[in-house]
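Participant: Please read through the structure below; I'll follow up with questions.
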Amino acid sequence: MDEMVKNTVFGNVYAGKKVLVTGNTGFKGSWLTVWLLELGATVHGLSRDIPTQPALFDVLDLRQRITHHEADVRDTDAVQRIIADVQPDFVFHLAAQPIVSYSYDHPVETITTNVVGTTNVLEALRVQNRPCTAVVITSDKCYDNVEWLWGYRENDALGGKDIYSGSKGAAELMCKSYYHSFFAKDISRVRIATARAGNVIGGGDWARDRIVPDCMRAWSEGRSVVIRNPQATRPWQHVLEPLSGYLLLGQALYHEAELNGERFNFGPKAEHSYTVRELLESLSRHWHFTDPAAAYRSAGNIPFHEAGLLKLNCDKAFACLRWTPVLDYDTLIAFTGEWYYAYYRSHGAGGIDFYAFTVAQINRYEQSAIKQKHVWIHE
């Protein structure tokens, strides 16, 4: 994209800044890292390991493009040491145990990673007490989901029936407690806000027990994918949608002290709520299935509690940040399908620079935002 246009993205606030991304080796963390690099930031990452094989972090060779710190977010001393050494201007905290099914087998790891890990980041920022803008990303599943038809608002009850949801609700409570105990004080130089999003799809996600990665693995091997609940309805969004929200929130929080301690939802347009079956049928067209029904089969049982319907009310993000989604449903499907199809059809044969491929999708997203006159690419 033209450099003059680049300078208008998020008010050029990240250019030349030191930005720490925890969970940078994950799917969302890798996409966020690429976007921050394109915005001119000096990016540091903090992650325990590479969470999947393959991994977007490796495919894009991000280790060579940033300063990567290998540490467990549950290690209090390590987190404090890294934040003291980096002295970041911005922190985006994404490090988490993100899989609902995994939480049933590993509840303590899920709780300590999502709750204690978040607390460690907040504590390190409190101890340093230097100017820093921190956006803590939790999940739409932080809400106590009672299966109602309307979207959850930021002041609705937190919690959940499963360990993962409970851990995300507890992480939100830790942020609230740290804000009121420390960061709301006049002596604090730290500003924090939390962001909630879910049902994110896009190229380069290989996590287990997520519908799109499971689907792409199966299709790349010529198999139909086994799905747990084909009628489950989700508000699907491309990964760049919530990331634009996180980055806009970071920009606004950097400039506006009154946003300190606030919470924001970032979700897709209401009409993007589709069943799992409908999502797979849409994606199958990018894999040239002549019969979409051949792309999947139902497992027939759900081995753990799984929400049937969960969506977010994003009115606050629009009112306070003027944030709205960019992509229509067909485009978010195309972005996702094209990325995976290119990867699996070229892997091992060379010829495609997937960092450039990923940047090109970010540029296409930004161009769509320009046409729609989104605030984050004009001010």
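Residues are named by chain letter and number: chains run A, B, ... in the order of the structure tokens, numbers start at 1 in each chain, and ligands are numbered from 1 in the order shown.
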Show me a table, sorted first by chain and then by increasing residue number, of the residues of stretch 135-206 of chain A having an atom at most 10 Å from stretch 268-273 of chain A, each with its shortest atom pair and the distance in Å to one decimal, counting only C-alpha atoms and written as JSON lines.

Facilitator:
```
{"residue": "A:Trp150", "atom": "CA", "partner": "A:Ala270", "partner_atom": "CA", "distance": 9.8}
{"residue": "A:Gly151", "atom": "CA", "partner": "A:Ala270", "partner_atom": "CA", "distance": 9.1}
{"residue": "A:Ala197", "atom": "CA", "partner": "A:Pro268", "partner_atom": "CA", "distance": 9.2}
{"residue": "A:Gly198", "atom": "CA", "partner": "A:Pro268", "partner_atom": "CA", "distance": 9.4}
{"residue": "A:Asn199", "atom": "CA", "partner": "A:Pro268", "partner_atom": "CA", "distance": 9.4}
{"residue": "A:Val200", "atom": "CA", "partner": "A:Pro268", "partner_atom": "CA", "distance": 9.5}
```

Participant: Could those selected residues go to a file with N, CA and C atoms, as a PDB file, in the first residue's frame?

Facilitator:
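Contents of the output file out_32.pdb:
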```
ATOM      1  N   TRP A 150     -30.401 -12.116  21.736  1.00  0.00           N
ATOM      2  CA  TRP A 150     -29.755 -10.831  21.488  1.00  0.00           C
ATOM      3  C   TRP A 150     -28.296 -10.872  21.946  1.00  0.00           C
ATOM      4  N   GLY A 151     -27.521  -9.906  21.509  1.00  0.00           N
ATOM      5  CA  GLY A 151     -26.093  -9.907  21.795  1.00  0.00           C
ATOM      6  C   GLY A 151     -25.774  -9.480  23.222  1.00  0.00           C
ATOM      7  N   ALA A 197     -13.863 -10.907  21.787  1.00  0.00           N
ATOM      8  CA  ALA A 197     -14.257 -11.318  20.441  1.00  0.00           C
ATOM      9  C   ALA A 197     -14.277 -12.837  20.406  1.00  0.00           C
ATOM     10  N   GLY A 198     -14.859 -13.389  19.360  1.00  0.00           N
ATOM     11  CA  GLY A 198     -14.893 -14.840  19.244  1.00  0.00           C
ATOM     12  C   GLY A 198     -15.247 -15.287  17.848  1.00  0.00           C
ATOM     13  N   ASN A 199     -15.171 -16.612  17.629  1.00  0.00           N
ATOM     14  CA  ASN A 199     -15.517 -17.227  16.349  1.00  0.00           C
ATOM     15  C   ASN A 199     -14.755 -16.595  15.189  1.00  0.00           C
ATOM     16  N   VAL A 200     -13.453 -16.466  15.397  1.00  0.00           N
ATOM     17  CA  VAL A 200     -12.575 -15.839  14.415  1.00  0.00           C
ATOM     18  C   VAL A 200     -12.026 -16.912  13.479  1.00  0.00           C
TER      19      VAL A 200
END
```

Participant: Residues at most 9 Å from A:Thr76, counting only C-alpha atoms, excluding those fewer than 5 positions away in the same chain, as a ChimeraX atom specification?

Facilitator: /A:81,116-117,119-121,123-124

Participant: Considering only C-alpha atoms, tabulate each residue of stretch 195-311 of chain A that lies at most 10 Å from stretch 361-367 of chain A along with its nearest interatomic pair and the corresponding distance in Å to one decimal; arrange the rows by chain and ascending residue number and present them as JSON lines.

Facilitator:
```
{"residue": "A:Gly203", "atom": "CA", "partner": "A:Gln361", "partner_atom": "CA", "distance": 9.9}
{"residue": "A:Leu240", "atom": "CA", "partner": "A:Ile362", "partner_atom": "CA", "distance": 7.5}
{"residue": "A:Glu241", "atom": "CA", "partner": "A:Tyr365", "partner_atom": "CA", "distance": 9.0}
{"residue": "A:Ser244", "atom": "CA", "partner": "A:Glu366", "partner_atom": "CA", "distance": 9.6}
```

Participant: Give the strand (DSSP E or B) residues of stretch 295-376 of chain A, as assigned by DSSP on the backbone, as a list in words.

Facilitator: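 Listing strand (DSSP E or B) positions across stretch 295-376 of chain A yields Tyr296, Arg297, Ser298, Leu309 and Leu312 of chain A.
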
Participant: Report as a short mmCIF file (atom, residue, chain, number, x, y, z; two decimals) with C-alpha atoms, in the first residue's frame all protein, DNA and RNA residues lying within 6 Å of A:Cys132, evaluated on only C-alpha atoms, omitting residues in the same chain fewer than 5 positions from it.

Facilitator:
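Once everything was written out, this is part-v2.cif:
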```cif
data_model
loop_
_atom_site.label_atom_id
_atom_site.label_comp_id
_atom_site.auth_asym_id
_atom_site.auth_seq_id
_atom_site.Cartn_x
_atom_site.Cartn_y
_atom_site.Cartn_z
CA ASP A 89 4.89 1.50 24.74
CA PHE A 90 1.99 -0.87 23.99
CA VAL A 190 -0.47 2.55 32.88
#
```

Participant: Which residues are near A:Trp148? Cut-off 9 Å, only C-alpha atoms, ignore same chain within fewer than 4 positions. Put them as a PyMOL selection string.

Facilitator: chain A and resi 152+309-310

Participant: Residues of the last selection are to be written out with N, CA and C atoms, as a compact mmCIF listing (two decimals), in the first residue's frame.

Facilitator:
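This went into out_13.txt:
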```
# COMPACT_ATOMS: atom_id res chain seq x y z
N TYR A 152 -24.69 -10.03 23.73
CA TYR A 152 -24.24 -9.68 25.08
C TYR A 152 -23.54 -8.32 25.06
N LEU A 309 -25.84 -20.82 20.76
CA LEU A 309 -25.88 -19.48 20.19
C LEU A 309 -25.17 -18.52 21.13
N LEU A 310 -24.27 -17.72 20.58
CA LEU A 310 -23.57 -16.70 21.38
C LEU A 310 -23.13 -15.60 20.44
```

Participant: As a VMD selection string, please: the residues near A:Trp323 (cut-off 9 Å, only C-alpha atoms, same-chain neighbours under 5 positions excluded).

Facilitator: chain A and resid 244 to 245 248 266 314 316 to 318 374 to 376

Participant: Run DSSP on the backbone and grab whatever in stretch 119-353 of chain A lands in helix (DSSP H, G or I); send it over as a PyMOL selection string.

Facilitator: chain A and resi 119-128+140-142+163-183+211-220+240-255+257-259+270-272+276-287+292-295+315-321+329-346

Participant: Please indicate the distance in Å from atom CA of A:Lys185 to atom CA of A:Thr133, rounded to one decimal place.

Facilitator: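 It comes out at 15.0 Å.
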
Participant: Could you tell me which of A:Asn155, A:Thr138, A:Gln80, A:Ser167 comes closest to A:Ile111 if we count only C-alpha atoms?

Facilitator: A:Ser167

Participant: So the first atom is atom CA of A:Gly337 and the second is atom CA of A:Met216; what is the distance between them in Å, to one decimal place?

Facilitator: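 Interatomic distance, atom CA of A:Gly337 to atom CA of A:Met216: 8.9 Å.
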
Participant: When you draw a straight line from atom CA of A:Ser298 to atom CA of A:Pro230, how long is it in Å?

Facilitator: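 Atom CA of A:Pro230 lies at a distance of 6.8 Å from atom CA of A:Ser298.
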
Participant: Counting only C-alpha atoms, which residues of stretch 18-41 of chain A sit at most 10 Å from some atom of stretch 60-75 of chain A, and what is each one's closest atom pair with its distance in Å to one decimal, listed by chain and rising residue number, as JSON lines?

Facilitator:
```
{"residue": "A:Leu20", "atom": "CA", "partner": "A:Thr67", "partner_atom": "CA", "distance": 9.4}
{"residue": "A:Val21", "atom": "CA", "partner": "A:His68", "partner_atom": "CA", "distance": 9.6}
{"residue": "A:Thr22", "atom": "CA", "partner": "A:Val73", "partner_atom": "CA", "distance": 8.0}
{"residue": "A:Gly23", "atom": "CA", "partner": "A:Val73", "partner_atom": "CA", "distance": 8.7}
{"residue": "A:Asn24", "atom": "CA", "partner": "A:His68", "partner_atom": "CA", "distance": 8.6}
{"residue": "A:Thr25", "atom": "CA", "partner": "A:Leu62", "partner_atom": "CA", "distance": 8.5}
{"residue": "A:Ser30", "atom": "CA", "partner": "A:Leu62", "partner_atom": "CA", "distance": 7.7}
{"residue": "A:Trp31", "atom": "CA", "partner": "A:Leu60", "partner_atom": "CA", "distance": 9.6}
{"residue": "A:Thr33", "atom": "CA", "partner": "A:Leu62", "partner_atom": "CA", "distance": 8.1}
{"residue": "A:Val34", "atom": "CA", "partner": "A:Leu62", "partner_atom": "CA", "distance": 8.0}
{"residue": "A:Leu37", "atom": "CA", "partner": "A:Arg65", "partner_atom": "CA", "distance": 8.3}
{"residue": "A:Ala41", "atom": "CA", "partner": "A:Ile66", "partner_atom": "CA", "distance": 9.8}
```

Participant: Once you have the residues from the selection above, write them out as a PDB file, in the first residue's frame, restricted to C-alpha atoms.

Facilitator:
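What landed in part-v4.pdb:
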```
ATOM      1  CA  LEU A  20       4.876  -6.405  23.137  1.00  0.00           C
ATOM      2  CA  VAL A  21       2.506  -9.117  21.894  1.00  0.00           C
ATOM      3  CA  THR A  22       2.007 -12.004  24.299  1.00  0.00           C
ATOM      4  CA  GLY A  23       0.848 -15.166  22.615  1.00  0.00           C
ATOM      5  CA  ASN A  24       2.572 -13.968  19.453  1.00  0.00           C
ATOM      6  CA  THR A  25       3.149 -17.500  18.145  1.00  0.00           C
ATOM      7  CA  SER A  30       0.844 -13.934  14.316  1.00  0.00           C
ATOM      8  CA  TRP A  31      -1.653 -11.927  12.253  1.00  0.00           C
ATOM      9  CA  THR A  33       2.408  -9.201  14.580  1.00  0.00           C
ATOM     10  CA  VAL A  34       2.388  -8.896  10.785  1.00  0.00           C
ATOM     11  CA  LEU A  37       5.251  -4.687  11.496  1.00  0.00           C
ATOM     12  CA  ALA A  41       6.230  -0.937  15.046  1.00  0.00           C
TER      13      ALA A  41
END
```

Participant: Counting only C-alpha atoms, which of A:Gly202, A:Pro98, A:Gly169, A:Gly29 gets nearest to A:Ala334?

Facilitator: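 For A:Ala334, the nearest of the candidates is A:Gly202.
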
Participant: With distances taken over only C-alpha atoms, which residue among A:Ala15, A:Val100, A:Ile192, A:Ile333 lies nearest A:Val43?

Facilitator: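 Residue with the minimum atom-to-atom distance to A:Val43: A:Ala15.
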
Participant: When you look at A:Gly250 with a cut-off of 8 Å (counting only C-alpha atoms), what residues show up, excluding the ones that are within fewer than 2 positions of it in the same chain? I need them as a ChimeraX atom specification.

Facilitator: /A:90,133-135,246-248,252-254

Participant: Pick from A:Asn129, A:Ser139, A:Ser181, A:Thr8: nearest to A:Gly261, with only C-alpha atoms counted?

Facilitator: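 Answer, going by the shortest atom-to-atom distance: A:Ser181.
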